[in-house]
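Engineer: Let me give you the structure first, and then I'll get to my questions.
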Amino acid sequence: MTFSAEDFAKALEAHDYDFQVGSTVRGTVISCANDGATVDIGGKSSAFLPIREAAVRAINSFEGVLEPGVEYSFQVIRDQDADGQVLLSIRKLQLKQLWDKLAQQAEASEVLEVKVTGYNKGGVTVDVEGLRGFVPRSHLGRTYENLEDAVGQRLTVGFLEVNPAANKLVMSARLAARSQVMSTLELGQLIDGTVASLKPFGAFIEFDGISGLLHIKQISKNYVESLPSVLKVGQPIKAVVVALDPERNRISLSTKVLEKYPGELIKESEAVFADAENRLGDISRMLGDSEA
């Protein structure tokens, strides 16, 4: 039986090209125009890629993005219309790859540099490789009287939440600073800080853009009956790093290891801090005292 060209054409016409929405197809770019590109994906009619679907970042031209005659991967975002034309997207494929990459970076506790693009009363928006991220005001790592001043600045941030289903990407400059500083801290290191807040269990000390906990039992070798009688918010302080927990991002500090006698810090804190560098002594002995 001879299969003529007419028979082939009829068979081709009868073939059901079922390009499912969400599926990935390969296609060759035929031509590019201002509003989009015509793509051959093997269907009855050529497919169309709107320019807004060509990349994660908005583009005004296909130059440097697509090249006629070259084959690319696309995602089908609309089934065939009455003319048999399918609508395509590269942006959706790139978004999935980007979300997957960001999830891996978050899992590995990586940090990255982003640019502040806007602000609202709760924080600032940032550009993360074309995605819109958000940094809450409490996680900016520094205080801005007016958040508008942050627009255009670059921030080093870590990840608080990566949720592609909700299109939610929350970042933290404070977390990134903490991670970077923690990688350089050592047990027995003397830090210069400021009392940020007082709690029933101790004081949080800010230094180098991060904070550590000075537990009430680590303030003095003598019992501290009233924390506000010893420390004040905003007070400069020197303390020693006695424990580091990178997994929980916790830094434990001590001032009692600087005392020459029990209760010295309670009675003469300024003298203790002034002589702190000379009091470090042997690290092993110091840390042993801090655990006593």
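All residue names refer to the structure tokens as shown: chains lettered A, B, ... in order, residues numbered from 1 in each chain, ligands numbered from 1 in order.
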Could the residues of region 80-193 of chain A that have an atom at most 12 Å from region 267-274 of chain A be listed as a Markdown table, each with its closest atom pair and the distance in Å to one decimal, counting only C-alpha atoms and ordered by chain and ascending residue number?

Structural biologist:
| residue | atom | partner | partner_atom | distance |
| --- | --- | --- | --- | --- |
| A:Leu190 | CA | A:Phe273 | CA | 10.5 |
| A:Ile191 | CA | A:Phe273 | CA | 10.7 |
| A:Asp192 | CA | A:Phe273 | CA | 9.5 |
| A:Gly193 | CA | A:Phe273 | CA | 11.1 |

Engineer: Just list the residues in region 40-267 of chain A DSSP gives helix (DSSP H, G or I) on the backbone, as number ranges by chain.

Structural biologist: A: 51-53, 91-107, 137-139, 147-150, 164-166, 173-182, 216-218, 227-229, 256-258, 264-267

Engineer: Give me the residues near Val170 (chain A) as a PyMOL selection string, where near means some atom within 6 Å (using only C-alpha atoms) and where sequence neighbours in that chain fewer than 4 positions away do not count.

Structural biologist: chain A and resi 133-135+160-161

Engineer: Let me make sure I understand: among A:Thr143, A:Leu258, A:Glu113, A:Gly130, which one has the smallest atom-to-atom distance to Thr156 (chain A) if we use only C-alpha atoms?

Structural biologist: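 So, comparing all the options, the nearest one is A:Glu113.
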
Engineer: For Ser23 (chain A), list every protein, DNA or RNA residue within 7 Å, evaluated using only C-alpha atoms, and leave out those in the same chain fewer than 3 positions away; present the list as a PDB file with all heavy atoms, in the first residue's frame.

Structural biologist:
ATOM      1  N   GLN A  20      -0.624  19.651  27.192  1.00  0.00           N
ATOM      2  CA  GLN A  20      -1.273  19.881  28.475  1.00  0.00           C
ATOM      3  C   GLN A  20      -0.712  21.127  29.161  1.00  0.00           C
ATOM      4  O   GLN A  20       0.501  21.350  29.156  1.00  0.00           O
ATOM      5  CB  GLN A  20      -1.076  18.671  29.390  1.00  0.00           C
ATOM      6  CG  GLN A  20      -1.713  17.387  28.890  1.00  0.00           C
ATOM      7  CD  GLN A  20      -3.222  17.448  28.961  1.00  0.00           C
ATOM      8  OE1 GLN A  20      -3.776  18.130  29.831  1.00  0.00           O
ATOM      9  NE2 GLN A  20      -3.903  16.765  28.055  1.00  0.00           N
ATOM     10  N   GLN A  75       7.236  26.052  29.085  1.00  0.00           N
ATOM     11  CA  GLN A  75       6.105  25.464  29.794  1.00  0.00           C
ATOM     12  C   GLN A  75       4.815  25.942  29.131  1.00  0.00           C
ATOM     13  O   GLN A  75       4.676  27.126  28.820  1.00  0.00           O
ATOM     14  CB  GLN A  75       6.097  25.846  31.268  1.00  0.00           C
ATOM     15  CG  GLN A  75       4.946  25.204  32.047  1.00  0.00           C
ATOM     16  CD  GLN A  75       5.042  25.459  33.543  1.00  0.00           C
ATOM     17  OE1 GLN A  75       6.123  25.407  34.123  1.00  0.00           O
ATOM     18  NE2 GLN A  75       3.917  25.732  34.167  1.00  0.00           N
ATOM     19  N   VAL A  76       3.893  25.004  28.907  1.00  0.00           N
ATOM     20  CA  VAL A  76       2.606  25.357  28.318  1.00  0.00           C
ATOM     21  C   VAL A  76       1.744  26.023  29.392  1.00  0.00           C
ATOM     22  O   VAL A  76       1.510  25.456  30.457  1.00  0.00           O
ATOM     23  CB  VAL A  76       1.887  24.109  27.777  1.00  0.00           C
ATOM     24  CG1 VAL A  76       0.507  24.488  27.217  1.00  0.00           C
ATOM     25  CG2 VAL A  76       2.719  23.433  26.693  1.00  0.00           C
TER      26      VAL A  76
END

Engineer: List as a tab-separated table (two decimals) with all heavy atoms, in the first residue's frame the protein and nucleic acid residues near Val124 (chain A), meaning an atom at most 9 Å away when only C-alpha atoms are counted, but skip any in the same chain fewer than 5 places from it.

Structural biologist:
chain	number	residue	atom	x	y	z
A	116	VAL	N	17.63	46.72	47.93
A	116	VAL	CA	16.34	47.20	48.45
A	116	VAL	C	15.63	47.97	47.34
A	116	VAL	O	16.17	48.91	46.76
A	116	VAL	CB	16.54	48.12	49.68
A	116	VAL	CG1	15.18	48.62	50.18
A	116	VAL	CG2	17.26	47.36	50.79
A	117	THR	N	14.39	47.55	47.06
A	117	THR	CA	13.63	48.17	45.96
A	117	THR	C	12.44	48.99	46.42
A	117	THR	O	11.89	49.78	45.66
A	117	THR	CB	13.13	47.09	45.00
A	117	THR	OG1	12.36	46.11	45.75
A	117	THR	CG2	14.29	46.38	44.32
A	118	GLY	N	12.00	48.79	47.68
A	118	GLY	CA	10.84	49.53	48.17
A	118	GLY	C	10.68	49.35	49.66
A	118	GLY	O	11.51	48.70	50.31
A	119	TYR	N	9.62	49.89	50.21
A	119	TYR	CA	9.41	49.80	51.66
A	119	TYR	C	7.93	49.96	51.98
A	119	TYR	O	7.13	50.47	51.19
A	119	TYR	CB	10.23	50.87	52.39
A	119	TYR	CG	9.74	52.28	52.15
A	119	TYR	CD1	8.90	52.90	53.08
A	119	TYR	CD2	10.08	52.97	50.99
A	119	TYR	CE1	8.43	54.20	52.84
A	119	TYR	CE2	9.63	54.26	50.76
A	119	TYR	CZ	8.80	54.87	51.69
A	119	TYR	OH	8.32	56.14	51.47
A	133	GLY	N	11.40	39.81	47.47
A	133	GLY	CA	11.55	39.34	48.84
A	133	GLY	C	11.20	40.44	49.82
A	133	GLY	O	11.07	41.61	49.45
A	134	PHE	N	11.07	40.05	51.08
A	134	PHE	CA	10.70	41.01	52.11
A	134	PHE	C	11.60	40.85	53.33
A	134	PHE	O	11.87	39.72	53.77
A	134	PHE	CB	9.23	40.82	52.53
A	134	PHE	CG	8.76	41.79	53.57
A	134	PHE	CD1	8.56	43.13	53.25
A	134	PHE	CD2	8.51	41.38	54.88
A	134	PHE	CE1	8.12	44.04	54.20
A	134	PHE	CE2	8.06	42.28	55.84
A	134	PHE	CZ	7.87	43.61	55.50
A	135	VAL	N	12.09	41.97	53.85
A	135	VAL	CA	12.89	41.98	55.08
A	135	VAL	C	12.12	42.77	56.13
A	135	VAL	O	11.96	43.99	55.99
A	135	VAL	CB	14.28	42.62	54.85
A	135	VAL	CG1	15.09	42.57	56.14
A	135	VAL	CG2	15.02	41.91	53.73
A	136	PRO	N	11.62	42.10	57.19
A	136	PRO	CA	10.90	42.83	58.24
A	136	PRO	C	11.80	43.87	58.90
A	136	PRO	O	13.02	43.70	58.96
A	136	PRO	CB	10.52	41.73	59.24
A	136	PRO	CG	10.57	40.45	58.45
A	136	PRO	CD	11.67	40.65	57.44
A	137	ARG	N	11.21	44.94	59.38
A	137	ARG	CA	11.96	46.02	60.02
A	137	ARG	C	12.86	45.48	61.14
A	137	ARG	O	14.00	45.91	61.29
A	137	ARG	CB	10.99	47.07	60.58
A	137	ARG	CG	11.67	48.26	61.24
A	137	ARG	CD	10.66	49.14	61.94
A	137	ARG	NE	9.84	49.90	61.03
A	137	ARG	CZ	10.10	51.15	60.65
A	137	ARG	NH1	11.18	51.76	61.10
A	137	ARG	NH2	9.30	51.79	59.84
A	140	LEU	N	16.32	44.10	59.88
A	140	LEU	CA	17.18	44.89	59.01
A	140	LEU	C	18.62	44.95	59.48
A	140	LEU	O	19.52	45.26	58.71
A	140	LEU	CB	16.62	46.31	58.88
A	140	LEU	CG	15.44	46.46	57.92
A	140	LEU	CD1	14.84	47.85	58.01
A	140	LEU	CD2	15.87	46.14	56.50
A	147	LEU	N	12.46	54.40	56.56
A	147	LEU	CA	12.81	53.25	55.74
A	147	LEU	C	13.07	53.62	54.28
A	147	LEU	O	13.72	52.87	53.56
A	147	LEU	CB	11.71	52.19	55.82
A	147	LEU	CG	11.60	51.43	57.14
A	147	LEU	CD1	10.48	50.40	57.07
A	147	LEU	CD2	12.93	50.74	57.48
A	148	GLU	N	12.58	54.77	53.87
A	148	GLU	CA	12.83	55.23	52.51
A	148	GLU	C	14.33	55.39	52.26
A	148	GLU	O	14.80	55.25	51.12
A	148	GLU	CB	12.11	56.55	52.25
A	148	GLU	CG	12.18	57.01	50.81
A	148	GLU	CD	11.39	58.28	50.57
A	148	GLU	OE1	10.84	58.83	51.56
A	148	GLU	OE2	11.32	58.73	49.41
A	150	ALA	N	16.55	53.41	53.00
A	150	ALA	CA	17.16	52.12	52.69
A	150	ALA	C	17.04	51.76	51.21
A	150	ALA	O	17.80	50.91	50.71
A	150	ALA	CB	16.52	51.02	53.52
A	151	VAL	N	16.11	52.40	50.50
A	151	VAL	CA	15.89	52.09	49.08
A	151	VAL	C	17.15	52.36	48.26
A	151	VAL	O	17.75	53.42	48.37
A	151	VAL	CB	14.69	52.89	48.53
A	151	VAL	CG1	14.51	52.62	47.03
A	151	VAL	CG2	13.42	52.52	49.28

Engineer: As an NGL selection string, please: the residues near Gln218 (chain A) (cut-off 12 Å, only C-alpha atoms, same-chain neighbours under 3 positions excluded).

Structural biologist: :A and (201-203 or 213-215 or 221-224 or 227 or 239-243 or 252-259 or 262-263 or 265-266 or 287 or 289-292)

Engineer: Excluding Asn167 (chain A) and residues on its chain fewer than 4 positions from it, collect all residues at most 10 Å away from it, counting only C-alpha atoms, and give them as JSON, numbers by chain.

Structural biologist: {"A": [99, 131, 132, 133, 162, 163]}
